[in-house]
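S.K.: The structure is given below, and queries will be raised subsequently.
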Amino acid sequence: MVRYADTPIVELTVDIAAPPAVVWELIKDINLPAQFSTEFQGADWLDNASPALGSRFVGRNGHGIAGSWETTCTVIWFEPLRSFGYAVEDVDSPAAKWRFDLQPSPVGTQLTMWAQMGPGRSGVSWFIYKNPDHEEEIMANRLEEWRTNMTATLDGIKSLAEG
């Protein structure tokens with residue numbers, strides 16, 4: 001049984017026939033995943049920031065069951081041509097962490113999208129609190145939603161980079 005307290009991770013990888021510099025320009029655009037995700041609707045940098053370590057942005061999300069919400073995210077991974085990622089809400093105890101990692105590969109770029117749920121409180125932890133007997137089902141459904149949206153995002157990035 002996967003529990004929220006286990007801080008589960010979803011990690012997916014795709015090979016892209018484009019150089020890392022092309023893929024990097026796509027993944028550092030915080031709004032790009034909104035083109036492919038059924039949940040993430042877009043984001044805005046705070047304080048006139050741009051992608052850099054410590055920069056913050058507000059992300060907008062929507063879900064058929066959970067409704068609409070915004071989160072403040074902080075860039076905690078930023079290594080040009082290698083890694084871009086952020087913590088959702090509290091950096092020390094985030095609701096989630098999301099990251100893209102790039103590796104040069106024989107075909108061009110190997111792109112990995114990685115996400116970790118918790119350990120901080122989130123909408124999922126609230127649903128579990130309200131329905132503790134259904135934690136396993138809630139977690140399985142949520143992780144599958146993540147996989148579906150992450151797959152769509154990676155496929156979209158691949159299509160744009162190779163196009």
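Letters A, B, ... mark the chains of the structure tokens in the order given; residue numbers begin at 1 per chain; ligand numbers begin at 1, in order shown.
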Give the helix (DSSP H, G or I) residues of chain A, as DSSP finds them on the backbone, and put them as a VMD selection string.
M.R.: chain A and resid 4 to 6 20 to 27 32 to 35 123 to 130 132 to 162
S.K.: Would you pick out the contacts of stretch 63-77 of chain A at 6 Å or less, using only C-alpha atoms, so that residues sharing its chain but fewer than 5 positions from it are not included, and give the list as an mmCIF file with N, CA and C atoms, in the first residue's frame?
M.R.:
```
data_model
loop_
_atom_site.group_PDB
_atom_site.id
_atom_site.type_symbol
_atom_site.label_atom_id
_atom_site.label_comp_id
_atom_site.auth_asym_id
_atom_site.auth_seq_id
_atom_site.Cartn_x
_atom_site.Cartn_y
_atom_site.Cartn_z
ATOM 1 N N GLU A 39 -4.721 19.325 -15.822
ATOM 2 C CA GLU A 39 -4.834 19.951 -14.500
ATOM 3 C C GLU A 39 -4.118 21.290 -14.403
ATOM 4 N N LEU A 53 17.541 29.944 -9.744
ATOM 5 C CA LEU A 53 17.473 29.355 -8.410
ATOM 6 C C LEU A 53 16.866 30.368 -7.439
ATOM 7 N N GLY A 54 15.834 29.955 -6.713
ATOM 8 C CA GLY A 54 15.185 30.820 -5.743
ATOM 9 C C GLY A 54 14.033 31.638 -6.289
ATOM 10 N N SER A 55 13.874 31.694 -7.608
ATOM 11 C CA SER A 55 12.737 32.425 -8.193
ATOM 12 C C SER A 55 11.432 31.761 -7.773
ATOM 13 N N ARG A 56 10.383 32.586 -7.706
ATOM 14 C CA ARG A 56 9.075 32.061 -7.289
ATOM 15 C C ARG A 56 8.026 32.376 -8.348
ATOM 16 N N PHE A 57 7.033 31.497 -8.420
ATOM 17 C CA PHE A 57 5.911 31.725 -9.317
ATOM 18 C C PHE A 57 4.640 31.173 -8.690
ATOM 19 N N VAL A 58 3.501 31.670 -9.178
ATOM 20 C CA VAL A 58 2.204 31.161 -8.750
ATOM 21 C C VAL A 58 1.665 30.299 -9.875
ATOM 22 N N PHE A 84 15.822 21.534 -14.051
ATOM 23 C CA PHE A 84 14.942 22.626 -13.658
ATOM 24 C C PHE A 84 13.818 22.031 -12.825
ATOM 25 N N GLY A 85 13.638 22.554 -11.604
ATOM 26 C CA GLY A 85 12.572 22.014 -10.768
ATOM 27 C C GLY A 85 12.230 22.939 -9.627
ATOM 28 N N TYR A 86 11.130 22.617 -8.975
ATOM 29 C CA TYR A 86 10.607 23.515 -7.949
ATOM 30 C C TYR A 86 9.868 22.759 -6.855
ATOM 31 N N ALA A 87 9.759 23.431 -5.718
ATOM 32 C CA ALA A 87 8.977 22.942 -4.581
ATOM 33 C C ALA A 87 7.658 23.698 -4.568
ATOM 34 N N VAL A 88 6.594 22.995 -4.232
ATOM 35 C CA VAL A 88 5.263 23.589 -4.156
ATOM 36 C C VAL A 88 4.992 23.994 -2.710
ATOM 37 N N GLU A 89 4.698 25.280 -2.537
ATOM 38 C CA GLU A 89 4.427 25.896 -1.233
ATOM 39 C C GLU A 89 5.684 25.888 -0.369
#
```
S.K.: Write out as a PyMOL selection string which residues come within 12 Å of stretch 101-110 of chain A when counting only C-alpha atoms, dropping same-chain ones fewer than 5 positions away.
M.R.: chain A and resi 11-28+77-85+115+154+157-158+161-162
S.K.: Give me the residues near stretch 143-146 of chain A as number ranges by chain, where near means some atom within 10 Å (using only C-alpha atoms) and where sequence neighbours in that chain fewer than 2 positions away do not count.
M.R.: A: 2, 8-11, 37-39, 115-117, 137-141, 148-152
S.K.: Select, from A:Leu46, A:Met1, A:Val124, A:Met113, the residue with the minimum atom-to-atom distance to A:Thr153, counting only C-alpha atoms.
M.R.: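 With only C-alpha atoms as the atom set, the closest residue is A:Met113.
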S.K.: Could you work out how far atom CA of A:Gly59 lies from atom CA of A:Phe127, giving the answer in Å with one decimal?
M.R.: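 Spanning atom CA of A:Phe127 to atom CA of A:Gly59 is a straight-line distance of 20.6 Å.
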S.K.: Determine which residues of chain A receive a DSSP assignment of strand (DSSP E or B), computed from the backbone, and state them as a ChimeraX atom specification.
M.R.: /A:9-16,40-45,56-63,67-79,83-88,96-105,108-117
S.K.: Can I get the selected residues back with C-alpha atoms, as a short mmCIF file (atom, residue, chain, number, x, y, z; two decimals), in the first residue's frame?
M.R.:
```
data_model
loop_
_atom_site.label_atom_id
_atom_site.label_comp_id
_atom_site.auth_asym_id
_atom_site.auth_seq_id
_atom_site.Cartn_x
_atom_site.Cartn_y
_atom_site.Cartn_z
CA ILE A 9 7.65 9.46 -6.61
CA VAL A 10 6.61 9.26 -10.24
CA GLU A 11 9.44 9.35 -12.78
CA LEU A 12 9.09 9.05 -16.55
CA THR A 13 11.72 9.36 -19.28
CA VAL A 14 11.57 10.01 -23.02
CA ASP A 15 14.27 10.17 -25.71
CA ILE A 16 14.07 13.28 -27.86
CA PHE A 40 -2.08 22.56 -14.70
CA GLN A 41 -3.51 25.73 -16.23
CA GLY A 42 -0.52 28.07 -16.22
CA ALA A 43 1.71 30.18 -14.01
CA ASP A 44 3.08 33.66 -13.48
CA TRP A 45 6.49 34.63 -12.14
CA ARG A 56 9.07 32.06 -7.29
CA PHE A 57 5.91 31.73 -9.32
CA VAL A 58 2.20 31.16 -8.75
CA GLY A 59 0.76 28.13 -10.52
CA ARG A 60 -2.94 27.74 -11.36
CA ASN A 61 -4.59 24.34 -11.34
CA GLY A 62 -8.01 22.84 -11.83
CA HIS A 63 -9.44 19.38 -11.16
CA GLY A 67 -11.89 22.40 -7.97
CA SER A 68 -9.47 25.24 -8.75
CA TRP A 69 -6.51 26.38 -6.69
CA GLU A 70 -3.24 28.28 -6.84
CA THR A 71 0.10 27.42 -5.32
CA THR A 72 3.29 29.38 -4.79
CA CYS A 73 6.32 27.50 -6.06
CA THR A 74 10.04 28.12 -5.55
CA VAL A 75 12.73 27.02 -8.00
CA ILE A 76 15.05 24.70 -6.04
CA TRP A 77 16.86 23.07 -8.98
CA PHE A 78 18.32 25.22 -11.73
CA GLU A 79 21.31 24.02 -13.69
CA SER A 83 17.93 20.40 -14.42
CA PHE A 84 14.94 22.63 -13.66
CA GLY A 85 12.57 22.01 -10.77
CA TYR A 86 10.61 23.52 -7.95
CA ALA A 87 8.98 22.94 -4.58
CA VAL A 88 5.26 23.59 -4.16
CA ALA A 96 5.13 18.34 -3.88
CA LYS A 97 8.37 18.71 -5.83
CA TRP A 98 8.56 18.69 -9.62
CA ARG A 99 11.70 18.47 -11.77
CA PHE A 100 12.90 18.02 -15.34
CA ASP A 101 16.35 16.47 -15.89
CA LEU A 102 18.18 16.46 -19.23
CA GLN A 103 20.98 14.14 -20.29
CA PRO A 104 22.71 14.18 -23.66
CA SER A 105 21.98 10.92 -25.46
CA GLY A 108 19.88 13.98 -28.77
CA THR A 109 18.41 14.33 -25.28
CA GLN A 110 17.04 12.01 -22.67
CA LEU A 111 14.41 13.98 -20.74
CA THR A 112 13.15 12.79 -17.36
CA MET A 113 10.16 14.30 -15.59
CA TRP A 114 10.14 13.57 -11.86
CA ALA A 115 7.59 14.40 -9.18
CA GLN A 116 7.38 13.66 -5.47
CA MET A 117 4.20 13.94 -3.44
#
```
